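Raw coords-v1.cif, mmCIF, C-alpha atoms:
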```cif
data_protein
#
loop_
_atom_site.group_PDB
_atom_site.id
_atom_site.type_symbol
_atom_site.label_atom_id
_atom_site.label_comp_id
_atom_site.auth_asym_id
_atom_site.auth_seq_id
_atom_site.Cartn_x
_atom_site.Cartn_y
_atom_site.Cartn_z
ATOM 1 C CA MET A 1 -6.018 -43.375 136.116
ATOM 2 C CA ASP A 2 -3.740 -45.305 138.468
ATOM 3 C CA TYR A 3 -0.421 -43.503 137.953
ATOM 4 C CA HIS A 4 1.642 -45.555 140.388
ATOM 5 C CA LYS A 5 1.033 -48.922 138.718
ATOM 6 C CA THR A 6 1.758 -48.274 135.043
ATOM 7 C CA ASP A 7 4.555 -46.721 133.039
ATOM 8 C CA PHE A 8 2.740 -44.978 130.177
ATOM 9 C CA GLY A 9 5.836 -44.552 127.995
ATOM 10 C CA PRO A 10 6.895 -44.596 125.320
ATOM 11 C CA ASP A 11 3.367 -43.902 124.038
ATOM 12 C CA PRO A 12 2.208 -40.281 123.902
ATOM 13 C CA ALA A 13 0.580 -39.267 127.183
ATOM 14 C CA VAL A 14 -0.975 -36.312 128.947
ATOM 15 C CA PHE A 15 -1.836 -36.388 132.632
ATOM 16 C CA PRO A 16 -1.924 -33.965 135.574
ATOM 17 C CA VAL A 17 1.592 -34.378 137.024
ATOM 18 C CA GLU A 18 0.867 -32.445 140.230
ATOM 19 C CA ILE A 19 -2.232 -34.534 140.996
ATOM 20 C CA ALA A 20 -0.412 -37.761 140.151
ATOM 21 C CA ALA A 21 2.462 -36.748 142.459
ATOM 22 C CA MET A 22 0.089 -35.838 145.280
ATOM 23 C CA ASN A 23 -1.628 -39.241 144.968
ATOM 24 C CA ASN A 24 1.636 -41.190 144.777
ATOM 25 C CA GLN A 25 2.321 -43.244 147.906
ATOM 26 C CA THR A 26 5.530 -44.938 146.724
ATOM 27 C CA PHE A 27 9.145 -43.967 147.269
ATOM 28 C CA ARG A 28 9.676 -43.971 143.486
ATOM 29 C CA THR A 29 7.496 -44.889 140.523
ATOM 30 C CA ALA A 30 8.372 -44.468 136.845
ATOM 31 C CA VAL A 31 5.268 -42.998 135.215
ATOM 32 C CA TRP A 32 6.701 -42.367 131.743
ATOM 33 C CA THR A 33 9.824 -43.794 130.154
ATOM 34 C CA GLY A 34 10.870 -42.977 126.615
ATOM 35 C CA CYS A 35 14.078 -43.441 124.671
ATOM 36 C CA TYR A 36 15.648 -40.166 125.832
ATOM 37 C CA ILE A 37 13.721 -38.999 128.912
ATOM 38 C CA GLN A 38 11.902 -40.422 131.932
ATOM 39 C CA MET A 39 9.570 -39.076 134.626
ATOM 40 C CA THR A 40 9.274 -40.575 138.096
ATOM 41 C CA LEU A 41 7.152 -39.577 141.083
ATOM 42 C CA MET A 42 8.445 -39.803 144.650
ATOM 43 C CA SER A 43 6.971 -39.572 148.140
ATOM 44 C CA ILE A 44 9.497 -38.941 150.930
ATOM 45 C CA PRO A 45 8.255 -39.185 154.546
ATOM 46 C CA PRO A 46 8.989 -36.460 157.141
ATOM 47 C CA CYS A 47 12.694 -36.490 158.095
ATOM 48 C CA GLY A 48 13.285 -38.916 155.205
ATOM 49 C CA GLU A 49 15.689 -38.377 152.353
ATOM 50 C CA ILE A 50 16.324 -39.510 148.819
ATOM 51 C CA GLY A 51 19.830 -40.550 149.867
ATOM 52 C CA MET A 52 23.211 -39.462 148.601
ATOM 53 C CA GLU A 53 23.506 -40.299 144.905
ATOM 54 C CA ILE A 54 25.153 -39.378 141.638
ATOM 55 C CA HIS A 55 24.089 -40.011 138.039
ATOM 56 C CA GLU A 56 27.249 -39.930 135.937
ATOM 57 C CA ASP A 57 25.564 -39.622 132.525
ATOM 58 C CA THR A 58 22.119 -38.293 133.417
ATOM 59 C CA ASP A 59 20.872 -34.749 133.939
ATOM 60 C CA GLN A 60 17.960 -34.520 136.377
ATOM 61 C CA TYR A 61 15.186 -32.004 137.020
ATOM 62 C CA ILE A 62 13.157 -32.284 140.231
ATOM 63 C CA ARG A 63 10.015 -30.255 140.947
ATOM 64 C CA VAL A 64 8.631 -29.992 144.474
ATOM 65 C CA GLU A 65 4.899 -30.649 144.210
ATOM 66 C CA GLN A 66 4.201 -30.558 147.975
ATOM 67 C CA GLY A 67 6.223 -29.869 151.095
ATOM 68 C CA CYS A 68 9.572 -28.342 151.931
ATOM 69 C CA ALA A 69 13.072 -29.740 151.925
ATOM 70 C CA THR A 70 16.769 -28.984 151.833
ATOM 71 C CA VAL A 71 18.825 -29.955 148.800
ATOM 72 C CA TRP A 72 22.594 -30.432 148.810
ATOM 73 C CA MET A 73 24.788 -30.733 145.715
ATOM 74 C CA GLY A 74 28.487 -30.844 144.959
ATOM 75 C CA GLU A 75 31.255 -32.323 142.856
ATOM 76 C CA CYS A 76 32.470 -34.563 145.686
ATOM 77 C CA LYS A 77 30.433 -36.793 147.966
ATOM 78 C CA ASN A 78 32.133 -35.272 151.007
ATOM 79 C CA LYS A 79 32.009 -31.662 149.783
ATOM 80 C CA LEU A 80 28.455 -30.603 149.034
ATOM 81 C CA ASP A 81 29.039 -26.874 148.723
ATOM 82 C CA PHE A 82 25.603 -26.064 147.245
ATOM 83 C CA GLN A 83 22.724 -26.011 149.757
ATOM 84 C CA LYS A 84 19.240 -24.534 149.311
ATOM 85 C CA ARG A 85 15.876 -24.761 151.021
ATOM 86 C CA VAL A 86 13.113 -25.618 148.561
ATOM 87 C CA ARG A 87 9.327 -25.663 148.716
ATOM 88 C CA ARG A 88 6.255 -26.342 146.588
ATOM 89 C CA GLY A 89 6.709 -25.135 143.028
ATOM 90 C CA ASP A 90 10.506 -24.972 143.146
ATOM 91 C CA GLY A 91 12.567 -26.662 140.434
ATOM 92 C CA ILE A 92 15.922 -28.280 141.134
ATOM 93 C CA PHE A 93 18.369 -28.790 138.258
ATOM 94 C CA ILE A 94 21.062 -31.420 138.856
ATOM 95 C CA PRO A 95 23.784 -31.698 136.204
ATOM 96 C CA ALA A 96 25.156 -35.137 135.336
ATOM 97 C CA GLY A 97 28.072 -36.121 137.552
ATOM 98 C CA THR A 98 26.847 -34.091 140.554
ATOM 99 C CA TRP A 99 26.452 -35.657 144.003
ATOM 100 C CA HIS A 100 23.113 -34.737 145.564
ATOM 101 C CA ASN A 101 20.640 -35.458 148.331
ATOM 102 C CA ILE A 102 17.268 -34.064 149.355
ATOM 103 C CA LEU A 103 15.997 -34.139 152.950
ATOM 104 C CA ASN A 104 12.318 -33.647 153.763
ATOM 105 C CA THR A 105 12.285 -30.936 156.440
ATOM 106 C CA GLY A 106 8.502 -30.686 156.640
ATOM 107 C CA ARG A 107 5.850 -32.384 158.773
ATOM 108 C CA HIS A 108 4.138 -34.078 155.814
ATOM 109 C CA CYS A 109 5.313 -36.269 152.949
ATOM 110 C CA LEU A 110 7.471 -34.489 150.388
ATOM 111 C CA LYS A 111 5.943 -35.083 146.958
ATOM 112 C CA ILE A 112 8.186 -34.597 143.955
ATOM 113 C CA SER A 113 8.253 -35.253 140.240
ATOM 114 C CA SER A 114 11.605 -36.016 138.687
ATOM 115 C CA VAL A 115 12.735 -35.981 135.072
ATOM 116 C CA TYR A 116 15.855 -37.891 133.984
ATOM 117 C CA ALA A 117 17.540 -37.419 130.615
ATOM 118 C CA PRO A 118 18.371 -40.027 129.487
ATOM 119 C CA PRO A 119 16.216 -42.452 131.533
ATOM 120 C CA HIS A 120 17.909 -43.677 134.696
ATOM 121 C CA HIS A 121 15.568 -46.390 136.039
ATOM 122 C CA PRO A 122 14.171 -49.424 134.212
ATOM 123 C CA ALA A 123 10.794 -48.774 132.578
ATOM 124 C CA GLY A 124 7.975 -49.702 134.943
ATOM 125 C CA THR A 125 10.069 -49.237 138.114
ATOM 126 C CA VAL A 126 8.009 -49.205 141.323
ATOM 127 C CA GLN A 127 9.895 -48.921 144.615
ATOM 128 C CA PHE A 128 7.420 -48.910 147.473
ATOM 129 C CA ARG A 129 10.016 -48.003 150.134
ATOM 130 C CA LYS A 130 13.475 -46.455 150.068
ATOM 131 C CA GLU A 131 14.896 -49.855 151.038
ATOM 132 C CA ASP A 132 13.509 -51.265 147.763
ATOM 133 C CA ALA A 133 15.742 -48.833 145.856
ATOM 134 C CA ARG A 134 18.959 -50.530 146.919
#
```

As structure tokens, please, write out the structure in this file.
Amino acid sequence: MDYHKTDFGPDPAVFPVEIAAMNNQTFRTAVWTGCYIQMTLMSIPPCGEIGMEIHEDTDQYIRVEQGCATVWMGECKNKLDFQKRVRRGDGIFIPAGTWHNILNTGRHCLKISSVYAPPHHPAGTVQFRKEDAR
């Protein structure tokens, strides 16, 4: 199965998320988009970051599938008072309306799976590089 080329939603689907994330070579790929939830996979290079962002009406759950990183969150873009180091297996819960960023602090690509509720990106989104996300 080629997870980074097809959005399997909204049809029912079962696939190994960790393996799909490990094989993902894109900055962001939507692998399943339904009416109320979406999963994307991301690959962040060493010293790379997701970038400061906020989703006003979307809760987000991120799971670290490989690597280590630092996550920052806060109510204001210039006051990120929540900071944690994360590693493989950790889950990050980001409430709607929260500014956040994740920096890859490891020597290898940071591989993550991300769930948005409701969906945040258009179905079928594939962003090969961070620059494609802007």

**Report entry** Residues within 7 Å of range 42-55 of chain A, only C-alpha atoms, excluding chain neighbours under 2 positions, as a PyMOL selection string
**Finding:** chain A and resi 24-29+40+57-58+96-113

Report task. Apply the PyMOL selection byres ((chain A and resi 123) around 8) to the displayed file and report the matching residues as a list in words. Result ->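 Against this file, the PyMOL selection byres ((chain A and resi 123) around 8) returns the residues Asp7, Gly9, Ala30, Trp32, Thr33, His121, Pro122, Gly124 and Thr125 of chain A.
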
Query raised in the report: Quick one: distance from CA of Ala21 in chain A to CA of Gln66 in chain A in Å, one decimal?
Result: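 So the answer is 8.5 Å.
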
Query raised in the report: Closest to Val115 in chain A among A:Ile62, A:Cys68, A:Val31, A:Ala20, using all atoms listed in the file?
Result: A:Ile62

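Between Val86 in chain A and the candidates A:Val126, A:Met73, A:Val64, A:Ile37, the tightest atom-to-atom separation, counting all atoms listed in the file, involves A:Val64.
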
Requested in this report: Grab the CA of Val17 in chain A to CA of Pro95 in chain A distance for me, in Å with one decimal place.
Outcome: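 These two atoms are separated by 22.4 Å.
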
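Atom pair CA of Phe93 in chain A / CA of Arg129 in chain A: separated by 24.1 Å.
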
Report task. Report as a PyMOL selection string the residues that result from applying the PyMOL selection byres ((chain A and resi 90) around 9) to the structure here. Result -> chain A and resi 62-65+86-89+91-92
